file target_6.cif (mmCIF, C-alpha atoms)
data_upload
#
loop_
_atom_site.label_atom_id
_atom_site.label_comp_id
_atom_site.auth_asym_id
_atom_site.auth_seq_id
_atom_site.Cartn_x
_atom_site.Cartn_y
_atom_site.Cartn_z
CA MET P 1 -10.05 11.14 2.28
CA SER P 2 -8.12 11.86 -0.89
CA ALA P 3 -7.83 9.81 -4.07
CA PRO P 4 -5.05 9.13 -6.57
CA ALA P 5 -4.73 11.82 -9.23
CA SER P 6 -4.06 9.40 -12.10
CA CYS P 7 -3.72 5.77 -13.12
CA ALA P 8 0.04 6.29 -13.08
CA GLU P 9 -0.05 7.35 -9.42
CA LEU P 10 -2.19 4.29 -8.66
CA PHE P 11 0.29 2.05 -10.53
CA LEU P 12 3.24 3.51 -8.61
CA ALA P 13 1.48 3.19 -5.24
CA PHE P 14 0.69 -0.48 -5.77
CA ASN P 15 4.15 -1.08 -7.18
CA ARG P 16 5.66 0.51 -4.07
CA LEU P 17 3.64 -1.65 -1.70
CA ALA P 18 4.33 -4.80 -3.72
CA LEU P 19 8.08 -4.19 -3.64
CA GLN P 20 8.05 -3.59 0.13
CA GLY P 21 5.90 -6.52 1.14
CA PHE P 22 7.83 -9.74 0.59
CA GLY P 23 5.44 -12.33 2.00
CA GLY P 24 3.33 -9.70 3.71
CA VAL P 25 1.86 -7.25 1.20
CA LEU P 26 -1.29 -6.84 3.27
CA ALA P 27 0.58 -5.10 6.07
CA VAL P 28 2.24 -2.74 3.64
CA ALA P 29 -1.06 -2.12 1.82
CA GLN P 30 -2.65 -0.91 5.04
CA ILE P 31 0.26 1.43 5.74
CA GLU P 32 0.48 2.72 2.16
CA LEU P 33 -3.24 3.19 1.44
CA VAL P 34 -4.47 4.29 4.87
CA GLU P 35 -1.61 5.93 6.74
CA ARG P 36 0.76 7.21 4.07
CA ARG P 37 -1.54 8.24 1.23
CA GLY P 38 -4.83 8.70 3.11
CA TRP P 39 -6.85 7.20 0.28
CA LEU P 40 -8.90 5.07 2.71
CA SER P 41 -9.88 5.19 6.36
CA ARG P 42 -9.08 2.14 8.51
CA ALA P 43 -12.76 1.21 8.50
CA GLU P 44 -12.95 1.44 4.68
CA PHE P 45 -9.78 -0.64 4.40
CA VAL P 46 -11.23 -3.35 6.64
CA GLU P 47 -14.52 -3.37 4.68
CA LEU P 48 -12.74 -3.69 1.34
CA LEU P 49 -10.37 -6.30 2.74
CA SER P 50 -13.36 -8.30 4.01
CA ALA P 51 -14.95 -8.21 0.57
CA SER P 52 -11.66 -9.14 -1.09
CA GLN P 53 -11.29 -12.17 1.20
CA VAL P 54 -14.66 -13.55 0.13
CA LEU P 55 -13.84 -13.29 -3.58
CA PRO P 56 -11.72 -15.96 -5.27
CA GLY P 57 -8.06 -15.08 -5.71
CA PRO P 58 -5.42 -13.36 -3.61
CA ASN P 59 -6.79 -10.76 -1.17
CA VAL P 60 -4.45 -7.94 -2.17
CA VAL P 61 -5.06 -8.52 -5.88
CA ASN P 62 -8.81 -8.29 -5.28
CA LEU P 63 -8.27 -5.16 -3.20
CA ALA P 64 -6.18 -3.58 -5.98
CA LEU P 65 -8.82 -4.37 -8.57
CA MET P 66 -11.64 -2.93 -6.43
CA LEU P 67 -9.76 0.26 -5.64
CA GLY P 68 -8.55 0.78 -9.21
CA ASP P 69 -12.10 0.30 -10.47
CA ARG P 70 -13.49 2.66 -7.82
CA TRP P 71 -11.28 5.53 -8.90
CA PHE P 72 -10.66 5.01 -12.64
CA GLY P 73 -12.84 2.16 -13.86
CA TRP P 74 -11.28 -0.70 -15.80
CA ARG P 75 -8.17 1.37 -16.57
CA GLY P 76 -7.58 1.93 -12.87
CA ALA P 77 -8.13 -1.76 -12.14
CA LEU P 78 -5.49 -2.68 -14.72
CA ALA P 79 -3.10 0.02 -13.44
CA ALA P 80 -3.40 -1.17 -9.84
CA LEU P 81 -3.03 -4.81 -10.85
CA GLY P 82 -0.07 -4.00 -13.08
CA GLY P 83 1.62 -2.06 -10.30
CA LEU P 84 1.10 -4.98 -7.98
CA ILE P 85 2.49 -7.71 -10.22
CA VAL P 86 4.72 -6.52 -13.08
CA VAL P 87 8.00 -5.71 -11.30
CA PRO P 88 7.57 -8.35 -8.56
CA LEU P 89 6.96 -10.97 -11.25
CA ALA P 90 10.23 -10.06 -12.96
CA ILE P 91 12.05 -10.24 -9.60
CA VAL P 92 10.50 -13.63 -8.75
CA LEU P 93 11.50 -15.03 -12.11
CA ALA P 94 15.08 -13.84 -11.61
CA LEU P 95 15.17 -15.24 -8.07
CA THR P 96 13.77 -18.56 -9.29
CA LEU P 97 16.64 -18.87 -11.73
CA ALA P 98 19.13 -17.97 -9.00
CA TYR P 99 17.54 -20.40 -6.52
CA ASP P 100 17.67 -23.20 -9.07
CA ARG P 101 21.39 -22.69 -9.29
CA TYR P 102 22.19 -22.09 -5.57
CA GLN P 103 19.52 -24.07 -3.69
CA HIS P 104 22.09 -26.34 -2.04
CA VAL P 105 23.97 -23.50 -0.36
CA PRO P 106 23.10 -23.50 3.40
CA GLN P 107 22.96 -19.69 3.58
CA VAL P 108 20.19 -19.66 0.96
CA ALA P 109 18.02 -22.00 3.06
CA GLY P 110 18.71 -19.89 6.16
CA ALA P 111 17.74 -16.69 4.35
CA LEU P 112 14.42 -18.23 3.29
CA ARG P 113 13.65 -19.30 6.87
CA GLY P 114 14.39 -15.77 8.06
CA MET P 115 12.07 -14.27 5.44
CA GLY P 116 9.29 -16.60 6.64
CA ALA P 117 9.64 -15.23 10.17
CA VAL P 118 9.49 -11.66 8.88
CA ALA P 119 6.34 -12.42 6.89
CA ALA P 120 4.66 -13.92 9.97
CA GLY P 121 5.55 -10.81 11.98
CA LEU P 122 4.07 -8.52 9.31
CA VAL P 123 0.77 -10.42 9.39
CA LEU P 124 0.66 -10.20 13.19
CA VAL P 125 1.38 -6.45 13.21
CA THR P 126 -1.35 -5.85 10.62
CA ALA P 127 -3.87 -7.79 12.70
CA LEU P 128 -3.00 -5.76 15.79
CA ARG P 129 -3.27 -2.43 13.93
CA LEU P 130 -6.61 -3.31 12.41
CA ALA P 131 -8.01 -4.60 15.71
CA THR P 132 -8.91 -1.02 16.64
CA THR P 133 -11.67 -1.11 14.01
CA LEU P 134 -13.46 -3.76 16.08
CA ARG P 135 -14.70 -1.04 18.43
CA GLY P 136 -17.11 0.09 15.73
CA ASN P 137 -18.16 -3.43 14.73
CA ARG P 138 -21.76 -4.37 15.55
CA LEU P 139 -20.63 -7.65 17.09
CA GLY P 140 -18.51 -5.76 19.56
CA PRO P 141 -14.94 -6.48 20.57
CA VAL P 142 -15.79 -9.44 22.82
CA LEU P 143 -17.67 -11.47 20.21
CA CYS P 144 -15.15 -10.54 17.51
CA ALA P 145 -12.31 -11.67 19.76
CA ALA P 146 -14.17 -14.92 20.55
CA VAL P 147 -14.63 -15.72 16.85
CA ALA P 148 -10.98 -14.82 16.15
CA ALA P 149 -9.76 -16.96 19.06
CA ALA P 150 -11.90 -19.90 17.93
CA THR P 151 -10.55 -19.53 14.39
CA PHE P 152 -6.96 -19.37 15.63
CA GLY P 153 -7.49 -22.36 17.90
CA ALA P 154 -9.06 -24.46 15.18
CA ILE P 155 -6.40 -23.70 12.57
CA ALA P 156 -3.19 -23.22 14.57
CA LEU P 157 -3.76 -25.50 17.54
CA ALA P 158 -6.22 -28.18 16.40
CA ARG P 159 -4.79 -28.15 12.85
CA TRP P 160 -8.22 -28.27 11.21
CA PRO P 161 -8.25 -27.69 7.48
CA LEU P 162 -9.33 -24.19 6.46
CA VAL P 163 -12.44 -25.54 4.68
CA ALA P 164 -13.62 -27.24 7.87
CA VAL P 165 -13.02 -24.09 9.94
CA LEU P 166 -14.96 -21.98 7.44
CA ALA P 167 -17.79 -24.53 7.36
CA ALA P 168 -17.98 -24.62 11.17
CA LEU P 169 -17.27 -21.05 12.22
CA GLY P 170 -18.55 -19.16 9.17
CA PRO P 171 -22.25 -19.89 9.76
CA LEU P 172 -21.77 -19.22 13.48
CA ALA P 173 -20.25 -15.79 12.80
CA VAL P 174 -23.01 -14.97 10.30
CA ALA P 175 -25.68 -16.03 12.81
CA LEU P 176 -24.08 -13.89 15.53
CA ALA P 177 -23.98 -10.90 13.16
CA ALA P 178 -27.65 -11.43 12.17
CA TRP P 179 -28.60 -11.67 15.85
CA ARG P 180 -26.77 -8.44 16.71
CA LEU P 181 -28.19 -6.58 13.69
CA ARG P 182 -31.81 -7.38 14.56
CA PRO P 183 -33.85 -4.26 15.30
#
call {"tool": "encode", "arguments": {"input": "target_6.cif", "output": "structure tokens"}}
result
Amino acid sequence: MSAPASCAELFLAFNRLALQGFGGVLAVAQIELVERRGWLSRAEFVELLSASQVLPGPNVVNLALMLGDRWFGWRGALAALGGLIVVPLAIVLALTLAYDRYQHVPQVAGALRGMGAVAAGLVLVTALRLATTLRGNRLGPVLCAAVAAATFGAIALARWPLVAVLAALGPLAVALAAWRLRP
């Protein structure tokens, strides 16, 4: 595995992934950090992503902060965060002003629906790519798939609130992991 040579390279990498990932930065982060730059293995990416999901705040922001800190301390954390949000924030502000003016145009509503479909596809592709890391998981692919299917069923099909799903399935997943990790 390699590492970024400078805070500037880190800033540019996170800026690149932020500008490519409208509604689906996570998919682009995996491609940019693992496949394109080789800064992380897939297993390392999944571990850091898991940690970033537990912390409060957006997953990719947490991931950027952890990676920036890993390589360059607080300066790296700020560089990664800056790369992730500075230019996209300017674009979002400009688009907000444009949307305020043109929100009643039917083509604008259609474009937003199309972008939602693209974002959903990016999330699905990322999940499929990262599924290969389940082979090395101590739970094994079958139990991981069962927990994932139960989570999908509860949220997408039964329409349970996320808090209820976490309260119900979180302790179950932790208990399964503890059971499998016993000597």
call {"tool": "closest_residue", "arguments": {"input": "target_6.cif", "among": "P:Ala77, P:Gly83, P:Met1, P:Asp69", "to": "Phe14 (chain P)", "atoms": "only C-alpha atoms"}}
result
P:Gly83
call {"tool": "closest_residue", "arguments": {"input": "target_6.cif", "among": "P:Ala167, P:Asn59, P:Leu17, P:Ala177", "to": "Val87 (chain P)", "atoms": "all atoms listed in the file"}}
result
P:Leu17
call {"tool": "resolve_selection", "arguments": {"input": "target_6.cif", "expression": "the PyMOL selection byres ((chain P and resi 35-44) around 8)", "output": "PyMOL selection string"}}
result
chain P and resi 1-4+30-34+45-48+130+133
call {"tool": "closest_residue", "arguments": {"input": "target_6.cif", "among": "P:Arg16, P:Ala111, P:Val28, P:Ala8", "to": "Arg129 (chain P)", "atoms": "all atoms listed in the file"}}
result
P:Val28
call {"tool": "atom_distance", "arguments": {"input": "target_6.cif", "atom1": "CA of Ile91 (chain P)", "atom2": "CA of Leu55 (chain P)"}}
result
26.8 Å
call {"tool": "closest_residue", "arguments": {"input": "target_6.cif", "among": "P:Ala127, P:Ala119, P:Val108, P:Ala5", "to": "Trp71 (chain P)", "atoms": "only C-alpha atoms"}}
result
P:Ala5
call {"tool": "decode", "arguments": {"input": "target_6.cif", "residues": "region 39-72 of chain P", "atoms": "N, CA and C atoms", "output": "mmCIF file, in the first residue's frame"}}
result
data_model
loop_
_atom_site.group_PDB
_atom_site.id
_atom_site.type_symbol
_atom_site.label_atom_id
_atom_site.label_comp_id
_atom_site.auth_asym_id
_atom_site.auth_seq_id
_atom_site.Cartn_x
_atom_site.Cartn_y
_atom_site.Cartn_z
ATOM 1 N N TRP P 39 -4.111 3.466 -1.854
ATOM 2 C CA TRP P 39 -3.768 3.917 -0.509
ATOM 3 C C TRP P 39 -4.303 2.973 0.556
ATOM 4 N N LEU P 40 -5.341 2.194 0.217
ATOM 5 C CA LEU P 40 -5.960 1.252 1.150
ATOM 6 C C LEU P 40 -6.259 -0.045 0.425
ATOM 7 N N SER P 41 -6.270 -1.144 1.160
ATOM 8 C CA SER P 41 -6.782 -2.397 0.613
ATOM 9 C C SER P 41 -8.308 -2.377 0.782
ATOM 10 N N ARG P 42 -9.002 -3.291 0.135
ATOM 11 C CA ARG P 42 -10.464 -3.348 0.306
ATOM 12 C C ARG P 42 -10.824 -3.618 1.749
ATOM 13 N N ALA P 43 -10.058 -4.521 2.395
ATOM 14 C CA ALA P 43 -10.339 -4.840 3.797
ATOM 15 C C ALA P 43 -10.136 -3.618 4.693
ATOM 16 N N GLU P 44 -9.061 -2.858 4.470
ATOM 17 C CA GLU P 44 -8.833 -1.642 5.255
ATOM 18 C C GLU P 44 -9.948 -0.624 5.022
ATOM 19 N N PHE P 45 -10.381 -0.505 3.765
ATOM 20 C CA PHE P 45 -11.463 0.426 3.447
ATOM 21 C C PHE P 45 -12.733 0.047 4.201
ATOM 22 N N VAL P 46 -13.062 -1.238 4.207
ATOM 23 C CA VAL P 46 -14.269 -1.697 4.894
ATOM 24 C C VAL P 46 -14.153 -1.455 6.397
ATOM 25 N N GLU P 47 -12.979 -1.708 6.979
ATOM 26 C CA GLU P 47 -12.786 -1.473 8.412
ATOM 27 C C GLU P 47 -12.955 0.003 8.759
ATOM 28 N N LEU P 48 -12.323 0.878 7.974
ATOM 29 C CA LEU P 48 -12.448 2.310 8.232
ATOM 30 C C LEU P 48 -13.874 2.799 7.985
ATOM 31 N N LEU P 49 -14.507 2.266 6.962
ATOM 32 C CA LEU P 49 -15.897 2.634 6.692
ATOM 33 C C LEU P 49 -16.793 2.204 7.848
ATOM 34 N N SER P 50 -16.560 1.011 8.384
ATOM 35 C CA SER P 50 -17.348 0.538 9.532
ATOM 36 C C SER P 50 -17.185 1.474 10.717
ATOM 37 N N ALA P 51 -15.958 1.865 10.994
ATOM 38 C CA ALA P 51 -15.717 2.800 12.097
ATOM 39 C C ALA P 51 -16.383 4.149 11.821
ATOM 40 N N SER P 52 -16.314 4.605 10.587
ATOM 41 C CA SER P 52 -16.891 5.908 10.257
ATOM 42 C C SER P 52 -18.415 5.897 10.336
ATOM 43 N N GLN P 53 -19.029 4.733 10.161
ATOM 44 C CA GLN P 53 -20.480 4.639 10.253
ATOM 45 C C GLN P 53 -20.968 4.689 11.700
ATOM 46 N N VAL P 54 -20.121 4.286 12.623
ATOM 47 C CA VAL P 54 -20.492 4.293 14.035
ATOM 48 C C VAL P 54 -20.396 5.701 14.616
ATOM 49 N N LEU P 55 -19.473 6.493 14.092
ATOM 50 C CA LEU P 55 -19.268 7.854 14.590
ATOM 51 C C LEU P 55 -20.382 8.778 14.112
ATOM 52 N N PRO P 56 -20.683 9.819 14.875
ATOM 53 C CA PRO P 56 -21.695 10.774 14.404
ATOM 54 C C PRO P 56 -21.177 11.556 13.197
ATOM 55 N N GLY P 57 -22.072 11.888 12.304
ATOM 56 C CA GLY P 57 -21.709 12.657 11.120
ATOM 57 C C GLY P 57 -21.716 11.796 9.870
ATOM 58 N N PRO P 58 -21.537 12.441 8.718
ATOM 59 C CA PRO P 58 -21.536 11.708 7.450
ATOM 60 C C PRO P 58 -20.357 10.729 7.361
ATOM 61 N N ASN P 59 -20.615 9.552 6.837
ATOM 62 C CA ASN P 59 -19.610 8.488 6.753
ATOM 63 C C ASN P 59 -18.348 8.929 6.025
ATOM 64 N N VAL P 60 -18.501 9.548 4.873
ATOM 65 C CA VAL P 60 -17.341 9.902 4.059
ATOM 66 C C VAL P 60 -16.546 11.025 4.721
ATOM 67 N N VAL P 61 -17.211 11.921 5.419
ATOM 68 C CA VAL P 61 -16.496 12.970 6.145
ATOM 69 C C VAL P 61 -15.653 12.335 7.250
ATOM 70 N N ASN P 62 -16.248 11.403 7.989
ATOM 71 C CA ASN P 62 -15.497 10.700 9.037
ATOM 72 C C ASN P 62 -14.316 9.939 8.443
ATOM 73 N N LEU P 63 -14.544 9.296 7.315
ATOM 74 C CA LEU P 63 -13.477 8.561 6.634
ATOM 75 C C LEU P 63 -12.349 9.508 6.221
ATOM 76 N N ALA P 64 -12.693 10.657 5.672
ATOM 77 C CA ALA P 64 -11.685 11.644 5.263
ATOM 78 C C ALA P 64 -10.875 12.118 6.462
ATOM 79 N N LEU P 65 -11.555 12.397 7.554
ATOM 80 C CA LEU P 65 -10.855 12.859 8.752
ATOM 81 C C LEU P 65 -9.910 11.788 9.297
ATOM 82 N N MET P 66 -10.363 10.534 9.324
ATOM 83 C CA MET P 66 -9.513 9.446 9.833
ATOM 84 C C MET P 66 -8.285 9.245 8.957
ATOM 85 N N LEU P 67 -8.490 9.245 7.642
ATOM 86 C CA LEU P 67 -7.360 9.026 6.744
ATOM 87 C C LEU P 67 -6.392 10.200 6.762
ATOM 88 N N GLY P 68 -6.915 11.418 6.752
ATOM 89 C CA GLY P 68 -6.044 12.589 6.814
ATOM 90 C C GLY P 68 -5.208 12.585 8.085
ATOM 91 N N ASP P 69 -5.846 12.239 9.201
ATOM 92 C CA ASP P 69 -5.133 12.172 10.473
ATOM 93 C C ASP P 69 -4.095 11.048 10.470
ATOM 94 N N ARG P 70 -4.421 9.933 9.863
ATOM 95 C CA ARG P 70 -3.494 8.798 9.804
ATOM 96 C C ARG P 70 -2.191 9.192 9.112
ATOM 97 N N TRP P 71 -2.290 9.930 8.026
ATOM 98 C CA TRP P 71 -1.112 10.221 7.227
ATOM 99 C C TRP P 71 -0.409 11.525 7.602
ATOM 100 N N PHE P 72 -1.155 12.556 8.013
ATOM 101 C CA PHE P 72 -0.532 13.860 8.255
ATOM 102 C C PHE P 72 -1.028 14.552 9.519
#
